[in-house]
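Here's data_16.tsv, which has TSV, C-alpha atoms:
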chain	number	residue	atom	x	y	z
Y	262	MET	CA	-21.44	204.97	-42.67
Y	263	ASP	CA	-19.82	202.35	-44.92
Y	264	ILE	CA	-16.99	203.12	-47.35
Y	265	GLN	CA	-19.08	202.66	-50.51
Y	266	SER	CA	-21.79	205.07	-49.33
Y	267	PHE	CA	-19.16	207.64	-48.38
Y	268	GLU	CA	-17.43	207.35	-51.76
Y	269	ASN	CA	-20.78	207.80	-53.52
Y	270	LEU	CA	-21.36	211.02	-51.57
Y	271	ILE	CA	-17.91	212.23	-52.60
Y	272	LYS	CA	-18.44	211.44	-56.28
Y	273	THR	CA	-21.77	213.28	-56.30
Y	274	ARG	CA	-20.36	216.14	-54.18
Y	275	LYS	CA	-23.07	215.66	-51.56
Y	276	LEU	CA	-20.95	215.69	-48.39
Y	277	VAL	CA	-22.69	217.76	-45.74
Y	278	CYS	CA	-20.54	217.38	-42.60
Y	279	PRO	CA	-17.38	219.43	-42.07
Y	280	VAL	CA	-15.74	216.64	-40.01
Y	281	TYR	CA	-15.23	212.96	-40.86
Y	282	VAL	CA	-13.55	210.30	-38.75
Y	283	PHE	CA	-11.80	207.48	-40.59
Y	284	SER	CA	-11.73	204.65	-38.05
Y	285	GLY	CA	-10.23	201.16	-38.21
Y	286	PRO	CA	-6.86	199.58	-39.03
Y	287	GLU	CA	-6.79	199.72	-42.85
Y	288	VAL	CA	-4.44	202.62	-43.67
Y	289	PHE	CA	-4.32	202.19	-47.45
Y	290	LEU	CA	-8.10	202.42	-47.92
Y	291	LYS	CA	-8.21	205.56	-45.78
Y	292	GLN	CA	-5.54	207.25	-47.89
Y	293	LYS	CA	-7.17	206.11	-51.13
Y	294	THR	CA	-10.55	207.52	-50.05
Y	295	PHE	CA	-9.03	210.85	-49.02
Y	296	ASN	CA	-7.23	211.02	-52.37
Y	297	LEU	CA	-10.61	210.60	-54.06
Y	298	LEU	CA	-12.01	213.39	-51.89
Y	299	ALA	CA	-9.15	215.70	-52.90
Y	300	LYS	CA	-9.50	214.82	-56.58
Y	301	VAL	CA	-13.23	215.54	-56.68
Y	302	TYR	CA	-13.36	218.64	-54.49
Y	303	VAL	CA	-10.09	220.45	-55.25
Y	304	PRO	CA	-8.74	221.21	-58.76
Y	305	LYS	CA	-5.25	219.87	-59.37
Y	306	GLU	CA	-3.69	223.34	-59.58
Y	307	GLU	CA	-5.05	224.26	-56.13
Y	308	GLN	CA	-4.20	221.05	-54.27
Y	309	SER	CA	-0.72	222.13	-53.18
Y	310	GLU	CA	-2.29	224.90	-51.08
Y	311	ASN	CA	-5.73	223.57	-50.23
Y	312	VAL	CA	-4.96	219.91	-49.45
Y	313	ASN	CA	-3.10	219.46	-46.17
Y	314	ARG	CA	-1.83	216.16	-44.76
Y	315	ILE	CA	-0.61	216.24	-41.16
Y	316	ILE	CA	0.85	213.43	-39.02
Y	317	CYS	CA	0.38	214.26	-35.35
Y	318	ASN	CA	3.08	214.03	-32.71
Y	319	GLY	CA	1.53	216.49	-30.24
Y	320	LYS	CA	3.96	219.37	-30.62
Y	321	GLU	CA	2.46	220.72	-33.84
Y	322	LEU	CA	-1.19	220.79	-32.67
Y	323	PRO	CA	-1.17	224.56	-31.79
Y	324	ASP	CA	0.28	225.33	-35.22
Y	325	LEU	CA	-2.33	223.07	-36.79
Y	326	ILE	CA	-5.10	225.10	-35.16
Y	327	ASN	CA	-3.59	228.25	-36.70
Y	328	LEU	CA	-3.32	226.55	-40.10
Y	329	ILE	CA	-6.97	225.47	-40.01
Y	330	TYR	CA	-8.07	229.04	-39.27
Y	331	SER	CA	-5.77	230.60	-41.87
Y	332	PHE	CA	-7.16	231.98	-45.16
Y	333	SER	CA	-6.90	230.76	-48.74
Y	334	PHE	CA	-7.60	232.83	-51.86
Y	335	ASN	CA	-8.55	229.67	-53.79
Y	336	PRO	CA	-12.31	229.17	-54.27
Y	337	SER	CA	-12.20	225.40	-53.69
Y	338	PRO	CA	-12.69	223.82	-50.22
Y	339	ARG	CA	-9.72	223.38	-47.92
Y	340	LEU	CA	-9.10	219.77	-46.91
Y	341	PHE	CA	-7.20	218.53	-43.86
Y	342	TYR	CA	-6.15	214.90	-43.42
Y	343	ILE	CA	-5.05	214.61	-39.79
Y	344	GLN	CA	-3.42	211.28	-39.01
Y	345	ASP	CA	-2.64	209.58	-35.70
Y	346	LEU	CA	-4.42	211.93	-33.31
Y	347	ASP	CA	-4.80	208.78	-31.20
Y	348	GLU	CA	-1.00	208.75	-30.76
Y	349	VAL	CA	-0.85	212.00	-28.77
Y	350	THR	CA	-1.66	212.21	-25.06
Y	351	SER	CA	-5.28	212.35	-23.96
Y	352	LYS	CA	-4.72	215.87	-22.57
Y	353	GLN	CA	-3.24	217.19	-25.84
Y	354	ARG	CA	-6.02	215.60	-27.86
Y	355	LYS	CA	-8.81	216.99	-25.68
Y	356	GLU	CA	-7.31	220.50	-25.69
Y	357	PHE	CA	-7.00	220.43	-29.49
Y	358	LEU	CA	-10.56	219.17	-30.02
Y	359	GLU	CA	-11.95	221.69	-27.54
Y	360	LYS	CA	-10.28	224.61	-29.34
Y	361	LEU	CA	-11.48	223.38	-32.72
Y	362	LYS	CA	-15.00	222.76	-31.42
Y	363	SER	CA	-15.28	226.14	-29.70
Y	364	GLY	CA	-13.86	228.02	-32.69
Y	365	GLY	CA	-15.96	226.07	-35.16
Y	366	VAL	CA	-14.81	224.51	-38.42
Y	367	PRO	CA	-14.35	227.33	-40.97
Y	368	ILE	CA	-16.72	227.51	-43.90
Y	369	GLU	CA	-15.64	225.57	-47.03
Y	370	THR	CA	-13.38	223.37	-44.91
Y	371	ILE	CA	-13.47	219.58	-44.54
Y	372	ILE	CA	-11.42	217.92	-41.80
Y	373	VAL	CA	-10.72	214.19	-41.85
Y	374	PHE	CA	-9.28	212.47	-38.77
Y	375	ALA	CA	-7.62	209.11	-39.53
Y	376	VAL	CA	-7.23	207.05	-36.35
Y	377	SER	CA	-6.86	203.36	-35.51
Y	378	ASP	CA	-8.17	203.38	-31.94
Y	379	SER	CA	-11.95	202.87	-32.02
Y	380	LYS	CA	-12.43	204.62	-28.67
Y	381	VAL	CA	-10.61	207.73	-29.89
Y	382	ALA	CA	-12.62	207.62	-33.13
Y	383	THR	CA	-15.84	207.63	-31.09
Y	384	GLU	CA	-14.47	210.42	-28.90
Y	385	ILE	CA	-13.73	212.65	-31.91
Y	386	ASN	CA	-17.05	211.85	-33.57
Y	387	SER	CA	-18.96	212.61	-30.37
Y	388	ALA	CA	-17.13	215.91	-29.88
Y	389	PHE	CA	-18.61	217.37	-33.07
Y	390	LYS	CA	-22.00	215.60	-32.82
Y	391	GLN	CA	-24.21	216.34	-35.88
Y	392	GLN	CA	-21.31	218.02	-37.64
Y	393	SER	CA	-19.38	214.75	-37.86
Y	394	ASP	CA	-19.73	211.28	-39.33
Y	395	LYS	CA	-17.62	208.14	-38.80
Y	396	ILE	CA	-16.54	205.67	-41.48
Y	397	ASP	CA	-14.98	202.33	-40.55
Y	398	PHE	CA	-12.13	201.05	-42.72
Y	399	TRP	CA	-11.39	197.32	-42.64
Y	400	ALA	CA	-9.58	195.15	-45.14
Y	401	PRO	CA	-11.84	192.81	-47.14
Y	402	PHE	CA	-12.32	189.35	-45.67
Y	403	ALA	CA	-10.04	186.75	-47.26
Y	404	ASN	CA	-12.91	185.24	-49.24
Y	405	LYS	CA	-13.79	188.71	-50.60
Y	406	LEU	CA	-10.27	189.76	-51.56
Y	407	ASN	CA	-10.61	188.36	-55.10
Y	408	ASP	CA	-13.75	190.48	-55.60
Y	409	TRP	CA	-11.90	193.55	-54.32
Y	410	ILE	CA	-9.07	193.02	-56.80
Y	411	ARG	CA	-11.49	192.69	-59.70
Y	412	LYS	CA	-13.35	195.84	-58.61
Y	413	GLU	CA	-10.13	197.85	-58.36
Y	414	THR	CA	-8.98	196.53	-61.75
Y	415	ALA	CA	-12.29	197.57	-63.32
Y	416	GLU	CA	-11.86	201.09	-61.91
Y	417	LEU	CA	-8.51	201.23	-63.71
Y	418	GLY	CA	-10.21	200.37	-67.00
Y	419	SER	CA	-9.16	196.73	-67.24
Y	420	GLU	CA	-10.45	193.30	-66.28
Y	421	ILE	CA	-8.74	190.45	-64.44
Y	422	ALA	CA	-9.57	186.75	-64.57
Y	423	ILE	CA	-10.60	185.04	-61.31
Y	424	ASP	CA	-7.66	182.60	-61.37
Y	425	ALA	CA	-5.30	185.50	-62.14
Y	426	ALA	CA	-6.58	187.39	-59.08
Y	427	ASP	CA	-6.09	184.29	-56.93
Y	428	GLN	CA	-2.52	183.93	-58.15
Y	429	LEU	CA	-1.86	187.61	-57.45
Y	430	ILE	CA	-2.96	187.08	-53.85
Y	431	GLU	CA	-0.72	184.00	-53.61
Y	432	LEU	CA	2.31	185.97	-54.81
Y	433	VAL	CA	1.71	189.31	-53.08
Y	434	GLY	CA	-0.32	188.45	-49.99
Y	435	SER	CA	-3.20	190.47	-48.54
Y	436	ASP	CA	-1.47	193.87	-48.29
Y	437	LEU	CA	-3.91	196.14	-50.15
Y	438	ALA	CA	-1.28	198.76	-50.99
Y	439	LEU	CA	0.98	196.18	-52.64
Y	440	LEU	CA	-1.95	194.55	-54.42
Y	441	HIS	CA	-3.12	197.89	-55.78
Y	442	GLN	CA	0.41	198.70	-56.90
Y	443	GLU	CA	0.61	195.46	-58.89
Y	444	ILE	CA	-2.90	195.90	-60.31
Y	445	THR	CA	-2.01	199.39	-61.51
Y	446	LYS	CA	1.14	198.16	-63.27
Y	447	LEU	CA	-0.76	195.33	-64.95
Y	448	ALA	CA	-3.60	197.62	-66.04
Y	449	LEU	CA	-1.15	200.11	-67.55
Y	450	ALA	CA	0.56	197.28	-69.43
Y	451	LYS	CA	-2.74	195.99	-70.85
Y	452	PRO	CA	-5.10	198.99	-71.04
Y	453	GLY	CA	-8.66	197.91	-71.67
Y	454	SER	CA	-7.65	194.24	-71.92
Y	455	LYS	CA	-8.23	191.24	-69.69
Y	456	ILE	CA	-5.39	190.32	-67.35
Y	457	LEU	CA	-4.85	186.57	-67.47
Y	458	LEU	CA	-3.04	184.04	-65.26
Y	459	ALA	CA	-0.06	184.08	-67.66
Y	460	ASP	CA	0.26	187.86	-67.20
Y	461	ILE	CA	0.53	187.39	-63.42
Y	462	ASN	CA	3.11	184.61	-63.71
Y	463	ASN	CA	5.19	186.57	-66.21
Y	464	ASN	CA	5.06	190.01	-64.63
Y	465	VAL	CA	4.55	189.70	-60.86
Y	466	ALA	CA	7.38	188.66	-58.57
Y	467	TYR	CA	6.86	186.82	-55.31
Y	468	ILE	CA	6.51	189.61	-52.75
Y	469	LYS	CA	4.68	188.12	-49.80
Y	470	GLN	CA	6.82	187.80	-46.69
Y	471	ASP	CA	5.98	184.37	-45.31
Y	472	THR	CA	6.78	183.39	-41.74
Y	473	PRO	CA	7.61	180.03	-40.14
Y	474	PHE	CA	3.98	179.96	-38.96
Y	475	ASP	CA	2.82	180.14	-42.59
Y	476	PHE	CA	5.01	177.10	-43.26
Y	477	LEU	CA	3.47	175.21	-40.32
Y	478	GLU	CA	-0.02	176.07	-41.55
Y	479	ALA	CA	0.75	174.89	-45.09
Y	480	TYR	CA	2.18	171.65	-43.69
Y	481	GLY	CA	-0.82	171.14	-41.43
Y	482	LYS	CA	-3.11	171.59	-44.43
Y	483	ARG	CA	-1.02	169.03	-46.37
Y	484	ASN	CA	-0.18	171.55	-49.07
Y	485	THR	CA	3.17	170.13	-50.19
Y	486	ALA	CA	3.95	172.63	-52.92
Y	487	LYS	CA	3.25	175.63	-50.72
Y	488	SER	CA	5.17	174.13	-47.79
Y	489	LEU	CA	8.27	173.62	-49.93
Y	490	ARG	CA	8.05	177.08	-51.51
Y	491	ILE	CA	7.73	178.83	-48.15
Y	492	LEU	CA	10.53	176.71	-46.72
Y	493	GLU	CA	12.90	177.74	-49.51
Y	494	ALA	CA	11.88	181.41	-49.19
Y	495	LEU	CA	12.54	181.33	-45.43
Y	496	TYR	CA	15.94	179.71	-45.97
Y	497	ASN	CA	16.92	182.29	-48.60
Y	498	ARG	CA	15.89	185.04	-46.21
Y	499	GLY	CA	18.26	183.75	-43.56
Y	500	GLU	CA	15.88	181.82	-41.28
Y	501	ALA	CA	17.64	179.00	-39.41
Y	502	ILE	CA	16.54	175.58	-40.67
Y	503	GLN	CA	17.15	174.14	-37.19
Y	504	LYS	CA	14.57	176.54	-35.72
Y	505	ILE	CA	11.98	175.68	-38.38
Y	506	TRP	CA	12.65	171.96	-37.87
Y	507	PHE	CA	12.11	172.29	-34.12
Y	508	MET	CA	8.78	174.09	-34.69
Y	509	LEU	CA	7.69	171.40	-37.17
Y	510	ILE	CA	8.41	168.42	-34.94
Y	511	LYS	CA	6.72	170.21	-32.03
Y	512	GLN	CA	3.58	170.58	-34.16
Y	513	ILE	CA	3.73	166.94	-35.26
Y	514	ARG	CA	4.07	165.85	-31.61
Y	515	GLU	CA	1.04	167.95	-30.64
Y	516	PHE	CA	-1.02	166.46	-33.47
Y	517	ARG	CA	0.02	162.91	-32.54
Y	518	LEU	CA	-0.72	163.41	-28.85
Y	519	PHE	CA	-4.18	164.79	-29.55
Y	520	LEU	CA	-5.10	161.94	-31.91
Y	521	ALA	CA	-3.73	159.39	-29.45
Y	522	LEU	CA	-5.83	160.83	-26.63
Y	523	CYS	CA	-8.91	160.82	-28.88
Y	524	GLN	CA	-8.31	157.11	-29.45
Y	525	ASP	CA	-7.39	156.18	-25.87
Y	526	ARG	CA	-9.94	158.37	-24.04
Y	527	PRO	CA	-12.93	158.89	-26.33
Y	528	ASP	CA	-15.09	159.45	-23.25
Y	529	ILE	CA	-13.20	162.71	-22.66
Y	530	PHE	CA	-12.05	163.79	-26.10
Y	531	LYS	CA	-14.93	162.81	-28.40
Y	532	PRO	CA	-16.82	166.10	-27.74
Y	533	ILE	CA	-13.61	168.06	-28.46
Y	534	LEU	CA	-13.05	166.07	-31.65
Y	535	THR	CA	-16.63	166.74	-32.79
Y	536	LEU	CA	-16.22	170.49	-32.25
Y	537	LEU	CA	-12.90	170.56	-34.14
Y	538	GLN	CA	-14.53	168.72	-37.05
Y	539	LYS	CA	-17.14	171.45	-37.09
Y	540	TYR	CA	-14.42	174.12	-36.84
Y	541	ARG	CA	-12.71	172.64	-39.91
Y	542	LEU	CA	-15.80	173.49	-41.99
Y	543	TYR	CA	-15.29	177.19	-41.25
Y	544	ALA	CA	-11.49	177.33	-40.95
Y	545	GLU	CA	-10.86	178.60	-44.50
Y	546	LYS	CA	-13.68	181.16	-44.38
Y	547	SER	CA	-13.35	184.67	-42.99
Y	548	ASP	CA	-16.79	186.26	-43.48
Y	549	PHE	CA	-18.53	187.67	-40.41
Y	550	LYS	CA	-20.82	184.67	-39.86
Y	551	SER	CA	-17.94	182.17	-40.16
Y	552	ASN	CA	-15.76	184.18	-37.79
Y	553	GLN	CA	-18.57	184.17	-35.22
Y	554	GLU	CA	-19.02	180.42	-35.62
Y	555	LYS	CA	-15.30	179.82	-35.11
Y	556	LYS	CA	-15.28	182.05	-32.05
Y	557	ASN	CA	-18.25	180.17	-30.56
Y	558	ILE	CA	-16.69	176.76	-31.26
Y	559	LEU	CA	-13.41	177.71	-29.60
Y	560	SER	CA	-15.34	179.05	-26.62
Y	561	ASP	CA	-17.28	175.78	-26.37
Y	562	ILE	CA	-14.02	173.79	-26.40
Y	563	GLN	CA	-12.58	175.93	-23.62
Y	564	THR	CA	-15.77	175.46	-21.60
Y	565	LEU	CA	-15.49	171.67	-21.95
Y	566	ALA	CA	-11.82	171.85	-20.96
Y	567	GLU	CA	-12.76	173.35	-17.60
Y	568	ASP	CA	-14.19	169.99	-16.50
Y	569	MET	CA	-11.33	167.88	-17.90
Y	570	PRO	CA	-8.28	166.60	-15.95
Y	571	GLY	CA	-5.72	169.39	-15.67
Y	572	PRO	CA	-2.72	167.46	-17.07
Y	573	LEU	CA	-4.65	166.53	-20.23
Y	574	VAL	CA	-5.80	170.12	-20.76
Y	575	GLU	CA	-2.25	171.43	-20.37
Y	576	ALA	CA	-0.76	168.75	-22.63
Y	577	THR	CA	-3.17	169.56	-25.46
Y	578	ASN	CA	-3.21	173.36	-24.92
Y	579	LEU	CA	-7.01	173.45	-24.82
Y	580	LYS	CA	-6.96	176.65	-22.77
Y	581	PHE	CA	-5.29	178.70	-25.49
Y	582	GLN	CA	-7.29	179.88	-28.50
Y	583	ASN	CA	-4.17	180.43	-30.63
Y	584	LYS	CA	-3.28	176.75	-30.22
Y	585	LEU	CA	-6.85	175.62	-30.81
Y	586	LYS	CA	-6.95	177.53	-34.09
Y	587	SER	CA	-4.33	175.15	-35.51
Y	588	LEU	CA	-5.29	171.97	-33.64
Y	589	TYR	CA	-8.06	171.21	-36.13
Y	590	MET	CA	-5.31	170.49	-38.71
Y	591	ALA	CA	-4.48	167.32	-36.76
Y	592	LEU	CA	-7.61	165.91	-38.40
Y	593	ASN	CA	-5.79	166.04	-41.75
Y	594	PHE	CA	-3.58	163.19	-40.53
Y	595	THR	CA	-4.09	159.74	-39.04
Y	596	LEU	CA	-2.50	158.50	-35.84
Y	597	ASP	CA	-0.78	155.69	-37.78
Y	598	GLU	CA	0.74	158.23	-40.19
Y	599	LEU	CA	2.17	160.39	-37.44
Y	600	THR	CA	3.43	157.40	-35.43
Y	601	ALA	CA	5.24	156.09	-38.53
Y	602	LEU	CA	7.09	159.41	-38.81
Y	603	TRP	CA	8.86	158.94	-35.48
Y	604	THR	CA	11.78	156.87	-36.79
Y	605	LYS	CA	12.35	159.31	-39.67
Y	606	MET	CA	12.21	162.29	-37.32
Y	607	ILE	CA	14.79	160.82	-34.95
Y	608	GLU	CA	17.09	159.88	-37.84
Y	609	PHE	CA	16.82	163.28	-39.46
Y	610	ASP	CA	17.27	165.13	-36.16
Y	611	SER	CA	20.50	163.23	-35.49
Y	612	LYS	CA	21.89	164.00	-38.95
Y	613	LEU	CA	20.88	167.65	-38.73
Y	614	LYS	CA	22.69	168.13	-35.42
Y	615	SER	CA	25.80	166.33	-36.69
Y	616	GLY	CA	25.98	168.51	-39.78
Y	617	VAL	CA	26.46	165.60	-42.20
Y	618	ILE	CA	23.56	166.58	-44.48
Y	619	ASP	CA	22.36	169.63	-46.39
Y	620	PRO	CA	19.71	170.98	-43.96
Y	621	LEU	CA	17.40	172.54	-46.56
Y	622	ALA	CA	17.45	169.55	-48.92
Y	623	ALA	CA	16.89	167.12	-46.06
Y	624	ILE	CA	13.90	168.89	-44.56
Y	625	GLN	CA	12.42	169.30	-48.04
Y	626	VAL	CA	12.64	165.53	-48.53
Y	627	PHE	CA	11.11	164.95	-45.10
Y	628	VAL	CA	8.21	167.31	-45.86
Y	629	ALA	CA	7.51	165.74	-49.26
Y	630	GLU	CA	7.69	162.17	-47.95
Y	631	SER	CA	5.71	162.81	-44.77
Y	632	LEU	CA	2.89	164.43	-46.72
Y	633	GLY	CA	2.75	161.47	-49.07
Y	634	ASN	CA	4.27	163.05	-52.18
So that I can check it, write out the structure of this file as structure tokens.
Amino acid sequence: MDIQSFENLIKTRKLVCPVYVFSGPEVFLKQKTFNLLAKVYVPKEEQSENVNRIICNGKELPDLINLIYSFSFNPSPRLFYIQDLDEVTSKQRKEFLEKLKSGGVPIETIIVFAVSDSKVATEINSAFKQQSDKIDFWAPFANKLNDWIRKETAELGSEIAIDAADQLIELVGSDLALLHQEITKLALAKPGSKILLADINNNVAYIKQDTPFDFLEAYGKRNTAKSLRILEALYNRGEAIQKIWFMLIKQIREFRLFLALCQDRPDIFKPILTLLQKYRLYAEKSDFKSNQEKKNILSDIQTLAEDMPGPLVEATNLKFQNKLKSLYMALNFTLDELTALWTKMIEFDSKLKSGVIDPLAAIQVFVAESLGN
């Protein structure tokens, strides 16, 4: 069952199973959906007794069985949100499920298991058969995140502009809990009004925790402004400029080598180049179809690499999908551009190691100049 269908059943109070398994990695959406379940099925004054949230560590499972079979004088259903049953041992989990299955879920009781491991989710769902249903929780694809923000904002009684939602993602990242937190604050500040780009810029701080790999990606995509912003954020967070510089020149070397080989040995590398050009069309997309296309393209490249000379395959990292996922960004540069950078790289590297320049300012200049800005 999908999340939307499950939420509709909650809102119309048409749930029929006593057991539900929340599968998948998205913790925030699981908690949000259970909160909706509690809100609809249990009056606020009865929630302290009838809504139970348990994080499993194995030791408390016998007590949990006793709690499930205990009695409540409240007329509303009793809800149990059992987290991380996939973290206990297989023996403990099977014993717990067997006791619960043999004893039966008490009447007017709904048990929700929130697990990340898909195999354990299937195991729990299978244990209760027709009495159970499984719902998969995944974060929205990147190209659907803007839609998700606007939907959540509408549920809070406000509206958000498309460019404002994009800016919110840029500042906060893709963490749904943080995004929802910011949306809630903005909606409370402008109840019933439209949230504009200016509202985001004036009221939302930069929260996203970028990594050196985010910097390399921004550089590879020739996004100067983003490269410089991430670079400054990393420096302010204590990241060593020397480490970032080493990672950058390594990436530039890899790009230059690949383009040089495409020029010198087109008989070998033209098919790889063609596939990477195709990959570039899907690189910024994250819907299911695009993800499948990217997976197939990378697999095709690795298949071609099997018949290529070993030293060339190793030098260009064609065996490793993680490397291939960034190699397409070499197409954003020309061989002449990257070759012309060599003198600047050697000069900067010497100054950086001698300590005669401000490291942050120098690498910022290098980034801006090398990207043509």
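Distance check against Y:Glu500 using all atoms listed in the file: of Y:Leu458, Y:Asp471, Y:Gly365, Y:Leu440, the minimum falls on Y:Asp471.
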Quick one: axis-aligned box around all listed atoms of stretch 477-495 of chain Y, 6 Å on every side, centre and edge lengths in Å to one decimal, written as JSON.
{"center_x": 4.9, "center_y": 175.2, "center_z": -46.6, "size_x": 28.0, "size_y": 24.4, "size_z": 24.6}
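Shortest atom-to-atom contact with Y:Val381 among Y:Ser351, Y:Asn404, Y:Gln428, Y:Ser551: Y:Ser351, counting all atoms listed in the file.
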Practice problem: Take the point (14.5, 160.6, -42.4) as written in the file and pick out every residue within 10 Å of it, counting only C-alpha atoms; give the list as a PyMOL selection string. | Solution: chain Y and resi 602-612+623-624+626-628+630-631
Selection from above, C-alpha atoms, as a compact mmCIF listing (two decimals), in the coordinates of the input, can you write it?
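Result file again_20.txt:
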# COMPACT_ATOMS: atom_id res chain seq x y z
CA LEU Y 602 7.09 159.41 -38.81
CA TRP Y 603 8.86 158.94 -35.48
CA THR Y 604 11.78 156.87 -36.79
CA LYS Y 605 12.35 159.31 -39.67
CA MET Y 606 12.21 162.29 -37.32
CA ILE Y 607 14.79 160.82 -34.95
CA GLU Y 608 17.09 159.88 -37.84
CA PHE Y 609 16.82 163.28 -39.46
CA ASP Y 610 17.27 165.13 -36.16
CA SER Y 611 20.50 163.23 -35.49
CA LYS Y 612 21.89 164.00 -38.95
CA ALA Y 623 16.89 167.12 -46.06
CA ILE Y 624 13.90 168.89 -44.56
CA VAL Y 626 12.64 165.53 -48.53
CA PHE Y 627 11.11 164.95 -45.10
CA VAL Y 628 8.21 167.31 -45.86
CA GLU Y 630 7.69 162.17 -47.95
CA SER Y 631 5.71 162.81 -44.77
Which residues of stretch 288-322 of chain Y come within 8 Å of stretch 265-271 of chain Y, and for each one, what is the closest pair of atoms and their distance in Å to one decimal, counting all atoms listed in the file, sorted by chain and residue number, as a Markdown table?
| residue | atom | partner | partner_atom | distance |
| --- | --- | --- | --- | --- |
| Y:Thr294 | CA | Y:Glu268 | CA | 7.1 |
| Y:Leu297 | CA | Y:Ile271 | CA | 7.6 |
| Y:Leu298 | CA | Y:Ile271 | CA | 6.1 |
| Y:Val301 | CA | Y:Ile271 | CA | 7.0 |
Residues of stretch 300-356 of chain Y at most 12 Å from stretch 286-292 of chain Y: nearest atom pair and distance in Å, all atoms listed in the file, as a Markdown table:
| residue | atom | partner | partner_atom | distance |
| --- | --- | --- | --- | --- |
| Y:Arg314 | CA | Y:Gln292 | CA | 10.1 |
| Y:Tyr342 | CA | Y:Gln292 | CA | 8.9 |
| Y:Ile343 | CA | Y:Gln292 | CA | 11.0 |
| Y:Gln344 | CA | Y:Val288 | CA | 9.9 |
| Y:Asp345 | CA | Y:Val288 | CA | 10.7 |
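Taking atom CA of Y:Glu369 as the reference point, atom CA of Y:Pro338 is found at 4.7 Å.
Checking Y:Ile372, Y:Asp460, Y:Lys272, Y:Lys300 one by one against Y:Asn313, counting only C-alpha atoms, you find the shortest gap at Y:Ile372.
For the residues Y:Ile468, Y:Leu328, Y:Leu437, Y:Ile502, ranking by smallest atom-to-atom distance to Y:Ala403 using all atoms listed in the file places Y:Leu437 first.
Closest to Y:Lys584 among Y:Glu310, Y:Asp597, Y:Asp568, Y:Glu478 is Y:Glu478, based on all atoms listed in the file.
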Nearby residues (all atoms listed in the file) at most 12 Å from Y:Phe474, same-chain spacing under 4 positions excluded, as a PDB file with C-alpha atoms, in the frame of the given file:
ATOM      1  CA  GLN Y 470       6.820 187.800 -46.690  1.00  0.00           C
ATOM      2  CA  GLU Y 478      -0.020 176.070 -41.550  1.00  0.00           C
ATOM      3  CA  ALA Y 479       0.750 174.890 -45.090  1.00  0.00           C
ATOM      4  CA  TYR Y 480       2.180 171.650 -43.690  1.00  0.00           C
ATOM      5  CA  GLY Y 481      -0.820 171.140 -41.430  1.00  0.00           C
ATOM      6  CA  SER Y 488       5.170 174.130 -47.790  1.00  0.00           C
ATOM      7  CA  ILE Y 491       7.730 178.830 -48.150  1.00  0.00           C
ATOM      8  CA  LEU Y 492      10.530 176.710 -46.720  1.00  0.00           C
ATOM      9  CA  LEU Y 495      12.540 181.330 -45.430  1.00  0.00           C
ATOM     10  CA  LYS Y 504      14.570 176.540 -35.720  1.00  0.00           C
ATOM     11  CA  ILE Y 505      11.980 175.680 -38.380  1.00  0.00           C
ATOM     12  CA  TRP Y 506      12.650 171.960 -37.870  1.00  0.00           C
ATOM     13  CA  MET Y 508       8.780 174.090 -34.690  1.00  0.00           C
ATOM     14  CA  LEU Y 509       7.690 171.400 -37.170  1.00  0.00           C
ATOM     15  CA  GLN Y 512       3.580 170.580 -34.160  1.00  0.00           C
ATOM     16  CA  ASN Y 583      -4.170 180.430 -30.630  1.00  0.00           C
ATOM     17  CA  LYS Y 584      -3.280 176.750 -30.220  1.00  0.00           C
ATOM     18  CA  SER Y 587      -4.330 175.150 -35.510  1.00  0.00           C
TER      19      SER Y 587
END
Practice problem: Do a neighbour search on Y:Ala544 at 12 Å with only C-alpha atoms, toss out local chain neighbours closer than 5 positions, and write the hits as a VMD selection string. | Solution: chain Y and resid 403 to 404 478 482 537 to 539 550 to 556 558 to 559 585 to 590
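You will find atom CA of Y:Glu321 at 15.2 Å from atom CA of Y:Phe374.
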